[in-house]
file target03.json (JSON, C-alpha atoms and all ligand atoms)
[["chain", "number", "residue", "atom", "x", "y", "z"],
["C", 84, "MET", "CA", 114.61, 91.39, 46.20],
["C", 85, "LEU", "CA", 116.49, 88.16, 46.84],
["C", 86, "ILE", "CA", 118.32, 87.24, 50.01],
["C", 87, "GLU", "CA", 120.57, 84.22, 49.97],
["C", 88, "ILE", "CA", 122.07, 82.73, 53.10],
["C", 89, "ASN", "CA", 124.63, 80.22, 51.92],
["C", 90, "ASP", "CA", 125.87, 77.67, 54.44],
["C", 91, "VAL", "CA", 126.29, 80.19, 57.23],
["C", 92, "SER", "CA", 127.71, 79.23, 60.60],
["C", 93, "LYS", "CA", 128.29, 81.73, 63.38],
["C", 94, "LYS", "CA", 130.50, 81.16, 66.36],
["C", 95, "ILE", "CA", 130.52, 83.55, 69.32],
["C", 96, "LYS", "CA", 133.05, 82.94, 72.08],
["C", 97, "GLY", "CA", 133.44, 79.31, 71.10],
["C", 98, "ALA", "CA", 129.71, 78.61, 70.93],
["C", 99, "LEU", "CA", 128.07, 77.76, 67.60],
["C", 100, "ILE", "CA", 125.03, 80.04, 67.46],
["C", 101, "LEU", "CA", 124.05, 79.29, 63.84],
["C", 102, "LYS", "CA", 124.86, 75.96, 62.19],
["C", 103, "HIS", "CA", 125.15, 75.55, 58.41],
["C", 104, "VAL", "CA", 122.13, 77.68, 57.66],
["C", 105, "THR", "CA", 121.09, 77.83, 54.00],
["C", 106, "LEU", "CA", 117.96, 79.82, 53.15],
["C", 107, "GLN", "CA", 116.52, 82.07, 50.47],
["C", 108, "PHE", "CA", 114.02, 84.87, 50.92],
["C", 109, "LYS", "CA", 112.14, 86.79, 48.24],
["C", 110, "GLY", "CA", 110.16, 90.01, 48.12],
["C", 111, "GLY", "CA", 106.38, 89.79, 48.46],
["C", 112, "LEU", "CA", 106.47, 86.99, 51.04],
["C", 113, "VAL", "CA", 106.34, 86.73, 54.83],
["C", 114, "TYR", "CA", 108.76, 84.30, 56.46],
["C", 115, "GLY", "CA", 108.01, 83.23, 60.01],
["C", 116, "PHE", "CA", 110.50, 81.89, 62.55],
["C", 117, "GLN", "CA", 109.66, 80.09, 65.72],
["C", 118, "GLY", "CA", 111.76, 78.21, 68.23],
["C", 119, "PRO", "CA", 112.73, 78.07, 71.88],
["C", 120, "ASN", "CA", 114.46, 80.86, 73.80],
["C", 121, "GLY", "CA", 118.11, 81.01, 72.84],
["C", 122, "SER", "CA", 117.69, 78.97, 69.66],
["C", 123, "GLY", "CA", 119.07, 81.67, 67.34],
["C", 124, "LYS", "CA", 116.06, 83.57, 65.93],
["C", 125, "THR", "CA", 117.35, 87.00, 66.88],
["C", 126, "MET", "CA", 120.85, 86.09, 65.66],
["C", 127, "LEU", "CA", 119.40, 85.05, 62.30],
["C", 128, "LEU", "CA", 117.68, 88.44, 61.94],
["C", 129, "ARG", "CA", 120.85, 90.23, 63.05],
["C", 130, "LEU", "CA", 122.76, 88.27, 60.41],
["C", 131, "VAL", "CA", 120.40, 89.34, 57.63],
["C", 132, "ALA", "CA", 120.57, 92.94, 58.89],
["C", 133, "GLY", "CA", 124.38, 92.91, 58.63],
["C", 134, "LEU", "CA", 124.72, 93.43, 62.39],
["C", 135, "ILE", "CA", 126.76, 90.25, 62.76],
["C", 136, "LEU", "CA", 128.95, 88.65, 60.11],
["C", 137, "PRO", "CA", 129.14, 84.92, 59.41],
["C", 138, "THR", "CA", 132.08, 82.93, 60.75],
["C", 139, "GLU", "CA", 131.62, 80.71, 57.70],
["C", 140, "GLY", "CA", 129.47, 81.08, 54.62],
["C", 141, "GLU", "CA", 127.93, 84.22, 53.13],
["C", 142, "VAL", "CA", 124.82, 86.36, 53.00],
["C", 143, "LEU", "CA", 123.94, 87.93, 49.66],
["C", 144, "ILE", "CA", 121.45, 90.75, 49.23],
["C", 145, "ASP", "CA", 120.52, 90.88, 45.56],
["C", 146, "GLY", "CA", 123.90, 89.36, 44.81],
["C", 147, "ALA", "CA", 125.92, 91.75, 46.98],
["C", 148, "ARG", "CA", 127.77, 90.08, 49.82],
["C", 149, "LEU", "CA", 127.28, 91.53, 53.31],
["C", 150, "GLY", "CA", 130.57, 92.51, 54.91],
["C", 151, "ARG", "CA", 132.38, 92.61, 51.56],
["C", 152, "ASP", "CA", 130.33, 94.43, 48.91],
["C", 153, "ILE", "CA", 127.95, 96.17, 51.31],
["C", 154, "ASP", "CA", 127.87, 96.74, 55.06],
["C", 155, "PHE", "CA", 124.08, 96.63, 55.39],
["C", 156, "PRO", "CA", 121.12, 95.83, 53.18],
["C", 157, "PRO", "CA", 120.47, 99.01, 51.17],
["C", 158, "SER", "CA", 116.80, 99.23, 52.12],
["C", 159, "VAL", "CA", 115.94, 97.70, 55.45],
["C", 160, "GLY", "CA", 113.57, 98.42, 58.32],
["C", 161, "LEU", "CA", 114.14, 96.62, 61.56],
["C", 162, "LEU", "CA", 112.74, 96.08, 64.99],
["C", 163, "ILE", "CA", 115.12, 93.81, 66.83],
["C", 164, "GLU", "CA", 114.53, 93.23, 70.52],
["C", 165, "ASN", "CA", 113.68, 96.42, 72.41],
["C", 166, "PRO", "CA", 113.37, 99.55, 70.32],
["C", 167, "ALA", "CA", 116.00, 102.09, 71.37],
["C", 168, "PHE", "CA", 114.85, 105.69, 71.24],
["C", 169, "LEU", "CA", 115.95, 108.87, 72.96],
["C", 170, "PRO", "CA", 113.90, 109.23, 76.14],
["C", 171, "GLY", "CA", 113.85, 113.03, 76.22],
["C", 172, "TYR", "CA", 112.23, 113.51, 72.80],
["C", 173, "THR", "CA", 108.72, 112.94, 71.51],
["C", 174, "GLY", "CA", 107.96, 109.91, 69.38],
["C", 175, "LYS", "CA", 107.76, 112.01, 66.26],
["C", 176, "ARG", "CA", 111.05, 113.80, 66.97],
["C", 177, "ASN", "CA", 112.71, 110.41, 67.44],
["C", 178, "LEU", "CA", 111.48, 109.26, 64.05],
["C", 179, "GLU", "CA", 112.59, 112.55, 62.48],
["C", 180, "LEU", "CA", 116.10, 112.04, 63.84],
["C", 181, "LEU", "CA", 116.21, 108.53, 62.39],
["C", 182, "ALA", "CA", 114.75, 109.67, 59.07],
["C", 183, "ASP", "CA", 117.35, 112.44, 58.81],
["C", 184, "LEU", "CA", 120.13, 109.84, 58.92],
["C", 185, "ARG", "CA", 119.13, 108.55, 55.51],
["C", 186, "GLY", "CA", 117.24, 111.51, 54.14],
["C", 187, "ARG", "CA", 114.75, 109.33, 52.29],
["C", 188, "VAL", "CA", 111.51, 110.38, 53.92],
["C", 189, "GLY", "CA", 110.06, 113.56, 55.35],
["C", 190, "ASP", "CA", 107.26, 114.81, 57.54],
["C", 191, "ARG", "CA", 104.43, 113.24, 55.54],
["C", 192, "GLU", "CA", 105.81, 109.68, 55.68],
["C", 193, "ILE", "CA", 106.74, 110.04, 59.34],
["C", 194, "CYS", "CA", 103.23, 111.15, 60.29],
["C", 195, "GLU", "CA", 101.73, 108.38, 58.16],
["C", 196, "ALA", "CA", 103.83, 105.74, 59.91],
["C", 197, "ILE", "CA", 102.88, 107.11, 63.34],
["C", 198, "CYS", "CA", 99.20, 107.01, 62.41],
["C", 199, "ASP", "CA", 99.60, 103.52, 60.90],
["C", 200, "VAL", "CA", 100.58, 102.14, 64.30],
["C", 201, "GLY", "CA", 97.76, 103.95, 66.10],
["C", 202, "LEU", "CA", 99.82, 106.71, 67.72],
["C", 203, "ASP", "CA", 99.24, 110.44, 67.42],
["C", 204, "PRO", "CA", 101.87, 112.50, 65.56],
["C", 205, "GLU", "CA", 100.81, 115.52, 67.64],
["C", 206, "ASP", "CA", 101.38, 113.73, 70.96],
["C", 207, "LYS", "CA", 103.67, 116.03, 72.94],
["C", 208, "ARG", "CA", 104.67, 113.41, 75.52],
["C", 209, "LYS", "CA", 108.32, 112.47, 75.66],
["C", 210, "TYR", "CA", 109.28, 108.90, 74.78],
["C", 211, "ARG", "CA", 110.14, 108.18, 78.41],
["C", 212, "LYS", "CA", 106.47, 108.70, 79.29],
["C", 213, "TYR", "CA", 105.30, 106.17, 76.72],
["C", 214, "SER", "CA", 103.78, 102.90, 77.90],
["C", 215, "LEU", "CA", 105.47, 99.65, 76.90],
["C", 216, "GLY", "CA", 102.99, 99.03, 74.09],
["C", 217, "MET", "CA", 103.34, 102.59, 72.83],
["C", 218, "LYS", "CA", 107.12, 102.12, 72.71],
["C", 219, "GLN", "CA", 106.66, 98.95, 70.73],
["C", 220, "ARG", "CA", 104.27, 100.71, 68.34],
["C", 221, "LEU", "CA", 106.82, 103.47, 67.78],
["C", 222, "GLY", "CA", 109.40, 100.76, 67.04],
["C", 223, "VAL", "CA", 107.12, 99.32, 64.38],
["C", 224, "ALA", "CA", 106.57, 102.81, 62.94],
["C", 225, "ALA", "CA", 110.34, 103.34, 62.70],
["C", 226, "ALA", "CA", 110.73, 100.02, 60.89],
["C", 227, "ILE", "CA", 108.10, 100.74, 58.24],
["C", 228, "MET", "CA", 108.38, 104.49, 57.71],
["C", 229, "GLU", "CA", 110.87, 104.26, 54.85],
["C", 230, "LYS", "CA", 108.88, 101.55, 53.05],
["C", 231, "PRO", "CA", 111.90, 99.26, 53.02],
["C", 232, "ASP", "CA", 112.42, 96.34, 50.64],
["C", 233, "LEU", "CA", 113.37, 94.22, 53.63],
["C", 234, "LEU", "CA", 111.53, 94.25, 56.95],
["C", 235, "LEU", "CA", 112.97, 92.42, 59.96],
["C", 236, "LEU", "CA", 110.65, 92.08, 62.95],
["C", 237, "ASP", "CA", 111.77, 90.35, 66.13],
["C", 238, "GLU", "CA", 108.85, 89.50, 68.43],
["C", 239, "PRO", "CA", 106.85, 92.43, 67.06],
["C", 240, "THR", "CA", 103.74, 91.56, 69.10],
["C", 241, "ASN", "CA", 105.59, 92.13, 72.39],
["C", 242, "ALA", "CA", 103.54, 94.32, 74.73],
["C", 243, "LEU", "CA", 100.84, 94.94, 72.13],
["C", 244, "ASP", "CA", 97.19, 94.73, 73.14],
["C", 245, "GLU", "CA", 94.66, 92.82, 71.06],
["C", 246, "LYS", "CA", 93.94, 95.73, 68.75],
["C", 247, "GLY", "CA", 97.65, 96.36, 68.45],
["C", 248, "VAL", "CA", 98.24, 92.79, 67.29],
["C", 249, "GLU", "CA", 95.50, 93.12, 64.66],
["C", 250, "MET", "CA", 97.00, 96.41, 63.53],
["C", 251, "LEU", "CA", 100.43, 94.78, 63.26],
["C", 252, "CYS", "CA", 99.11, 91.83, 61.26],
["C", 253, "ALA", "CA", 97.36, 94.18, 58.83],
["C", 254, "LEU", "CA", 100.54, 96.24, 58.46],
["C", 255, "ILE", "CA", 102.68, 93.18, 57.80],
["C", 256, "ARG", "CA", 100.26, 92.05, 55.08],
["C", 257, "ARG", "CA", 100.25, 95.52, 53.59],
["C", 258, "GLU", "CA", 104.05, 95.63, 53.53],
["C", 259, "ARG", "CA", 104.20, 92.20, 51.92],
["C", 260, "ASP", "CA", 101.63, 93.17, 49.29],
["C", 261, "ARG", "CA", 103.68, 96.26, 48.54],
["C", 262, "GLY", "CA", 106.49, 93.85, 47.68],
["C", 263, "ALA", "CA", 108.58, 93.84, 50.83],
["C", 264, "CYS", "CA", 110.37, 90.74, 52.02],
["C", 265, "VAL", "CA", 109.26, 90.32, 55.64],
["C", 266, "LEU", "CA", 111.01, 88.18, 58.25],
["C", 267, "VAL", "CA", 109.16, 87.75, 61.53],
["C", 268, "ALA", "CA", 110.37, 85.92, 64.63],
["C", 269, "CYS", "CA", 107.45, 85.20, 66.89],
["C", 270, "HIS", "CA", 106.58, 82.88, 69.75],
["C", 271, "ASP", "CA", 102.89, 83.04, 68.94],
["C", 272, "ARG", "CA", 102.31, 80.15, 66.61],
["C", 273, "GLU", "CA", 98.77, 81.20, 65.77],
["C", 274, "ILE", "CA", 99.97, 84.56, 64.50],
["C", 275, "LEU", "CA", 102.64, 82.96, 62.34],
["C", 276, "ASP", "CA", 100.09, 80.51, 60.95],
["C", 277, "ARG", "CA", 97.91, 83.44, 59.99],
["C", 278, "LEU", "CA", 100.62, 85.62, 58.55],
["C", 279, "ALA", "CA", 103.50, 83.64, 57.20],
["C", 280, "ASP", "CA", 103.83, 82.25, 53.70],
["C", 281, "GLU", "CA", 106.61, 79.99, 54.95],
["C", 282, "ILE", "CA", 107.36, 78.94, 58.51],
["C", 283, "TYR", "CA", 110.75, 77.85, 59.82],
["C", 284, "THR", "CA", 111.66, 76.21, 63.07],
["C", 285, "VAL", "CA", 114.89, 77.30, 64.73],
["C", 286, "GLN", "CA", 116.47, 74.82, 67.10],
["C", 287, "GLU", "CA", 119.95, 75.14, 68.58],
["C", 288, "GLY", "CA", 121.13, 77.19, 65.64],
["C", 289, "CYS", "CA", 119.67, 74.91, 62.96],
["C", 290, "VAL", "CA", 116.86, 76.22, 60.77],
["C", 291, "GLU", "CA", 114.34, 73.94, 59.12],
["C", 292, "ARG", "CA", 111.27, 74.58, 57.01],
["C", 293, "ARG", "CA", 108.10, 73.49, 58.72],
["C", 294, "PRO", "CA", 105.37, 72.08, 56.53],
["C", 295, "LEU", "CA", 102.32, 74.39, 56.59],
["S", 301, "LIG", "N1", 125.89, 89.12, 72.64],
["S", 301, "LIG", "C1", 126.00, 87.79, 72.70],
["S", 301, "LIG", "N2", 127.17, 87.21, 72.94],
["S", 301, "LIG", "C2", 127.30, 85.87, 73.00],
["S", 301, "LIG", "N3", 126.29, 85.01, 72.83],
["S", 301, "LIG", "C3", 125.08, 85.54, 72.58],
["S", 301, "LIG", "C4", 124.86, 86.94, 72.52],
["S", 301, "LIG", "N4", 123.55, 87.16, 72.27],
["S", 301, "LIG", "C5", 122.98, 85.95, 72.19],
["S", 301, "LIG", "N5", 123.89, 84.98, 72.37],
["S", 301, "LIG", "C6", 123.64, 83.53, 72.33],
["S", 301, "LIG", "O1", 123.18, 83.20, 71.03],
["S", 301, "LIG", "C7", 122.23, 82.15, 71.10],
["S", 301, "LIG", "C8", 121.00, 82.52, 70.30],
["S", 301, "LIG", "O2", 120.42, 83.66, 70.89],
["S", 301, "LIG", "P1", 119.20, 84.41, 70.25],
["S", 301, "LIG", "O3", 119.08, 85.72, 70.95],
["S", 301, "LIG", "O4", 119.34, 84.44, 68.79],
["S", 301, "LIG", "O5", 117.98, 83.45, 70.64],
["S", 301, "LIG", "P2", 116.43, 83.62, 70.31],
["S", 301, "LIG", "O6", 116.02, 82.43, 69.52],
["S", 301, "LIG", "O7", 116.19, 84.95, 69.71],
["S", 301, "LIG", "O8", 115.78, 83.52, 71.75],
["S", 301, "LIG", "P3", 114.50, 84.27, 72.37],
["S", 301, "LIG", "O9", 113.32, 83.43, 72.00],
["S", 301, "LIG", "O10", 114.76, 84.23, 73.83],
["S", 301, "LIG", "O11", 114.44, 85.64, 71.83],
["S", 301, "LIG", "C9", 121.97, 81.90, 72.58],
["S", 301, "LIG", "O12", 122.70, 80.76, 72.94],
["S", 301, "LIG", "C10", 122.53, 83.12, 73.26],
["S", 301, "LIG", "O13", 123.05, 82.79, 74.51],
["S", 302, "MG", "MG", 115.18, 86.58, 70.32]]
call {"tool": "encode", "arguments": {"input": "target03.json", "output": "structure tokens", "more": "lines below"}}
Ligand SMILES: Nc1ncnc2c1ncn2[C@@H]1O[C@H](COP(=O)(O)OP(=O)(O)OP(=O)(O)O)[C@@H](O)[C@H]1O
Ligand SMILES: [Mg+2]
result
Amino acid sequence: MLIEINDVSKKIKGALILKHVTLQFKGGLVYGFQGPNGSGKTMLLRLVAGLILPTEGEVLIDGARLGRDIDFPPSVGLLIENPAFLPGYTGKRNLELLADLRGRVGDREICEAICDVGLDPEDKRKYRKYSLGMKQRLGVAAAIMEKPDLLLLDEPTNALDEKGVEMLCALIRRERDRGACVLVACHDREILDRLADEIYTVQEGCVERRPL
């Protein structure tokens, strides 16, 4: 898997949110992004996910241009800002509904993903009764359940307890070792230092590689 961001700028309502960003990401590596609030980390992940299109420049996923050749990366798992699930259904039912959209995975993979994040597939509680950390865990499960080539995680440690953070780090490593290209935006520098193969600093829409 190769992702190429070629000289991308993004303007929203007159404001330049991303400025001449040029980056490449490959499978089997974890890329970390840090930077102040409002610097453009989430927008960068949304760009790679095909959720926003560049004002200038292009994003190529294995050579296919987002917004022209393809609408979205063909195999992507994402957790961007708050996970959005249906409050009146159980965690598992929510994942089943998502899985049915693409028809790539079934009951076994869904249960595995739920167990991977430390939740119980048999839990009969509705999503609305989940704690904040449980919601976050379900969001991580949704992102990984299809074993995507590309994994986009925006502040994935949000609301997770200590064990949850360890679980997440282990999962990210596992996904990377499986060959996934993993992009993680995270305010916790220590976690990025531990996890990321390359770290980038985002500042007012500019992205720069930080020496390790
Ligand atoms: N829907 C939107 N419409 C217009 N501008 C937006 C929108 N969402 C975000 N922005 C702007 O884009 C810029 C980058 O925001 P972004 O959410 O990417 O920051 P961030 O680095 O993820 O910050 P944080 O650390 O708080 O998550 C900010 O200036 C923000 O105000
Ligand atoms: Mg953000």
call {"tool": "atom_distance", "arguments": {"input": "target03.json", "atom1": "atom O8 of ligand LIG 301 (chain S)", "atom2": "atom CA of Ser122 of chain C"}}
result
5.4 Å
call {"tool": "residues_near_ligand", "arguments": {"input": "target03.json", "ligand": "ligand MG 302 (chain S)", "cutoff": "12 Å", "atoms": "all atoms listed in the file", "output": "ChimeraX atom specification"}}
result
/C:116-129,162-165,236-239,241,267-270,285
call {"tool": "write_last_selection", "arguments": {"input": "target03.json", "atoms": "C-alpha atoms", "output": "mmCIF file, in the frame of the given file"}}
result
data_model
loop_
_atom_site.group_PDB
_atom_site.id
_atom_site.type_symbol
_atom_site.label_atom_id
_atom_site.label_comp_id
_atom_site.auth_asym_id
_atom_site.auth_seq_id
_atom_site.Cartn_x
_atom_site.Cartn_y
_atom_site.Cartn_z
ATOM 1 C CA PHE C 116 110.500 81.890 62.550
ATOM 2 C CA GLN C 117 109.660 80.090 65.720
ATOM 3 C CA GLY C 118 111.760 78.210 68.230
ATOM 4 C CA PRO C 119 112.730 78.070 71.880
ATOM 5 C CA ASN C 120 114.460 80.860 73.800
ATOM 6 C CA GLY C 121 118.110 81.010 72.840
ATOM 7 C CA SER C 122 117.690 78.970 69.660
ATOM 8 C CA GLY C 123 119.070 81.670 67.340
ATOM 9 C CA LYS C 124 116.060 83.570 65.930
ATOM 10 C CA THR C 125 117.350 87.000 66.880
ATOM 11 C CA MET C 126 120.850 86.090 65.660
ATOM 12 C CA LEU C 127 119.400 85.050 62.300
ATOM 13 C CA LEU C 128 117.680 88.440 61.940
ATOM 14 C CA ARG C 129 120.850 90.230 63.050
ATOM 15 C CA LEU C 162 112.740 96.080 64.990
ATOM 16 C CA ILE C 163 115.120 93.810 66.830
ATOM 17 C CA GLU C 164 114.530 93.230 70.520
ATOM 18 C CA ASN C 165 113.680 96.420 72.410
ATOM 19 C CA LEU C 236 110.650 92.080 62.950
ATOM 20 C CA ASP C 237 111.770 90.350 66.130
ATOM 21 C CA GLU C 238 108.850 89.500 68.430
ATOM 22 C CA PRO C 239 106.850 92.430 67.060
ATOM 23 C CA ASN C 241 105.590 92.130 72.390
ATOM 24 C CA VAL C 267 109.160 87.750 61.530
ATOM 25 C CA ALA C 268 110.370 85.920 64.630
ATOM 26 C CA CYS C 269 107.450 85.200 66.890
ATOM 27 C CA HIS C 270 106.580 82.880 69.750
ATOM 28 C CA VAL C 285 114.890 77.300 64.730
#
call {"tool": "atom_distance", "arguments": {"input": "target03.json", "atom1": "atom C4 of ligand LIG 301 (chain S)", "atom2": "atom CA of Ile282 of chain C"}}
result
23.8 Å
call {"tool": "closest_residue", "arguments": {"input": "target03.json", "among": "C:Leu181, C:Ala132, C:Ala242, C:Val104", "to": "Tyr283 of chain C", "atoms": "all atoms listed in the file"}}
result
C:Val104
call {"tool": "atom_distance", "arguments": {"input": "target03.json", "atom1": "atom CA of Arg187 of chain C", "atom2": "atom CA of Asp232 of chain C"}}
result
13.3 Å
call {"tool": "residues_around", "arguments": {"input": "target03.json", "residues": "segment 191-193 of chain C", "least_positions_apart": "5", "cutoff": "8 Å", "atoms": "all atoms listed in the file", "output": "list in words"}}
result
Lys175, Leu178, Glu179, Met228 and Glu229 of chain C
call {"tool": "write_last_selection", "arguments": {"input": "target03.json", "atoms": "C-alpha atoms", "output": "compact mmCIF listing (two decimals), in the coordinates of the input"}}
result
# COMPACT_ATOMS: atom_id res chain seq x y z
CA LYS C 175 107.76 112.01 66.26
CA LEU C 178 111.48 109.26 64.05
CA GLU C 179 112.59 112.55 62.48
CA MET C 228 108.38 104.49 57.71
CA GLU C 229 110.87 104.26 54.85
call {"tool": "closest_residue", "arguments": {"input": "target03.json", "among": "C:Glu281, C:Gly133, C:Leu180, C:Glu249", "to": "Gly150 of chain C", "atoms": "only C-alpha atoms"}}
result
C:Gly133
call {"tool": "residues_near_point", "arguments": {"input": "target03.json", "point": "(99.3, 97.3, 58.0)", "cutoff": "12 Å", "atoms": "all atoms listed in the file", "output": "list in words"}}
result
Glu195, Ala196, Ile197, Cys198, Asp199, Val200, Gly201, Arg220, Val223, Ala224, Ile227, Met228, Lys230, Gly247, Val248, Glu249, Met250, Leu251, Cys252, Ala253, Leu254, Ile255, Arg256, Arg257, Glu258, Arg259, Asp260, Arg261 and Leu278 of chain C
call {"tool": "closest_residue", "arguments": {"input": "target03.json", "among": "C:Val290, C:Leu130, C:Leu275, C:Ala182", "to": "Leu106 of chain C", "atoms": "only C-alpha atoms"}}
result
C:Val290
call {"tool": "closest_residue", "arguments": {"input": "target03.json", "among": "C:Asp203, C:Asp90, C:Asp271, C:Asp152", "to": "ligand LIG 301 (chain S)", "atoms": "all atoms listed in the file"}}
result
C:Asp271
call {"tool": "closest_residue", "arguments": {"input": "target03.json", "among": "C:Gly186, C:Pro157, C:Gly146, C:Pro170", "to": "Ile88 of chain C", "atoms": "only C-alpha atoms"}}
result
C:Gly146
call {"tool": "closest_residue", "arguments": {"input": "target03.json", "among": "C:Ala226, C:Lys93, C:Arg211, C:Arg185", "to": "ligand LIG 301 (chain S)", "atoms": "only C-alpha atoms and all ligand atoms"}}
result
C:Lys93
call {"tool": "residues_near_point", "arguments": {"input": "target03.json", "point": "(127.4, 92.0, 50.5)", "cutoff": "12 Å", "atoms": "all atoms listed in the file", "output": "MDAnalysis selection string"}}
result
chainID C and resid 86:88 130:133 136:137 140:157
call {"tool": "residues_around", "arguments": {"input": "target03.json", "residues": "Leu234 of chain C", "least_positions_apart": "3", "cutoff": "8 Å", "atoms": "all atoms listed in the file", "output": "VMD selection string"}}
result
chain C and resid 159 to 161 226 to 227 231 263 to 266
call {"tool": "decode", "arguments": {"input": "target03.json", "residues": "segment 167-214 of chain C", "atoms": "C-alpha atoms", "output": "PDB file, in the first residue's frame"}}
result
ATOM      1  CA  ALA C 167     -20.903   7.604  15.965  1.00  0.00           C
ATOM      2  CA  PHE C 168     -23.043   4.580  16.711  1.00  0.00           C
ATOM      3  CA  LEU C 169     -26.765   4.005  17.056  1.00  0.00           C
ATOM      4  CA  PRO C 170     -27.675   4.474  20.719  1.00  0.00           C
ATOM      5  CA  GLY C 171     -30.555   1.994  20.790  1.00  0.00           C
ATOM      6  CA  TYR C 172     -28.538  -1.042  19.669  1.00  0.00           C
ATOM      7  CA  THR C 173     -25.925  -3.177  21.385  1.00  0.00           C
ATOM      8  CA  GLY C 174     -22.272  -2.756  20.517  1.00  0.00           C
ATOM      9  CA  LYS C 175     -22.252  -5.960  18.548  1.00  0.00           C
ATOM     10  CA  ARG C 176     -25.407  -5.060  16.595  1.00  0.00           C
ATOM     11  CA  ASN C 177     -23.814  -1.724  15.705  1.00  0.00           C
ATOM     12  CA  LEU C 178     -20.752  -3.473  14.317  1.00  0.00           C
ATOM     13  CA  GLU C 179     -22.961  -5.931  12.430  1.00  0.00           C
ATOM     14  CA  LEU C 180     -24.794  -3.052  10.766  1.00  0.00           C
ATOM     15  CA  LEU C 181     -21.485  -1.495   9.716  1.00  0.00           C
ATOM     16  CA  ALA C 182     -20.087  -4.823   8.540  1.00  0.00           C
ATOM     17  CA  ASP C 183     -23.204  -5.457   6.439  1.00  0.00           C
ATOM     18  CA  LEU C 184     -22.529  -2.262   4.478  1.00  0.00           C
ATOM     19  CA  ARG C 185     -19.456  -3.814   2.912  1.00  0.00           C
ATOM     20  CA  GLY C 186     -20.178  -7.490   3.367  1.00  0.00           C
ATOM     21  CA  ARG C 187     -16.540  -8.356   3.954  1.00  0.00           C
ATOM     22  CA  VAL C 188     -16.686  -9.797   7.443  1.00  0.00           C
ATOM     23  CA  GLY C 189     -19.137 -11.841   9.469  1.00  0.00           C
ATOM     24  CA  ASP C 190     -19.905 -12.883  13.007  1.00  0.00           C
ATOM     25  CA  ARG C 191     -16.492 -14.401  13.744  1.00  0.00           C
ATOM     26  CA  GLU C 192     -14.492 -11.281  12.829  1.00  0.00           C
ATOM     27  CA  ILE C 193     -16.954  -9.016  14.621  1.00  0.00           C
ATOM     28  CA  CYS C 194     -16.696 -11.024  17.843  1.00  0.00           C
ATOM     29  CA  GLU C 195     -12.907 -11.139  17.522  1.00  0.00           C
ATOM     30  CA  ALA C 196     -12.703  -7.361  17.164  1.00  0.00           C
ATOM     31  CA  ILE C 197     -14.976  -6.854  20.182  1.00  0.00           C
ATOM     32  CA  CYS C 198     -12.816  -9.185  22.260  1.00  0.00           C
ATOM     33  CA  ASP C 199      -9.635  -7.523  20.951  1.00  0.00           C
ATOM     34  CA  VAL C 200     -10.684  -4.229  22.538  1.00  0.00           C
ATOM     35  CA  GLY C 201     -11.665  -5.871  25.829  1.00  0.00           C
ATOM     36  CA  LEU C 202     -15.447  -5.730  25.400  1.00  0.00           C
ATOM     37  CA  ASP C 203     -17.855  -8.646  25.605  1.00  0.00           C
ATOM     38  CA  PRO C 204     -19.671  -9.685  22.409  1.00  0.00           C
ATOM     39  CA  GLU C 205     -22.486 -11.065  24.584  1.00  0.00           C
ATOM     40  CA  ASP C 206     -22.999  -7.756  26.417  1.00  0.00           C
ATOM     41  CA  LYS C 207     -26.717  -6.994  26.061  1.00  0.00           C
ATOM     42  CA  ARG C 208     -26.434  -3.343  27.078  1.00  0.00           C
ATOM     43  CA  LYS C 209     -27.414  -0.778  24.489  1.00  0.00           C
ATOM     44  CA  TYR C 210     -24.715   1.575  23.203  1.00  0.00           C
ATOM     45  CA  ARG C 211     -26.321   4.499  25.029  1.00  0.00           C
ATOM     46  CA  LYS C 212     -25.517   2.763  28.326  1.00  0.00           C
ATOM     47  CA  TYR C 213     -21.844   2.409  27.452  1.00  0.00           C
ATOM     48  CA  SER C 214     -19.278   4.427  29.386  1.00  0.00           C
TER      49      SER C 214
END
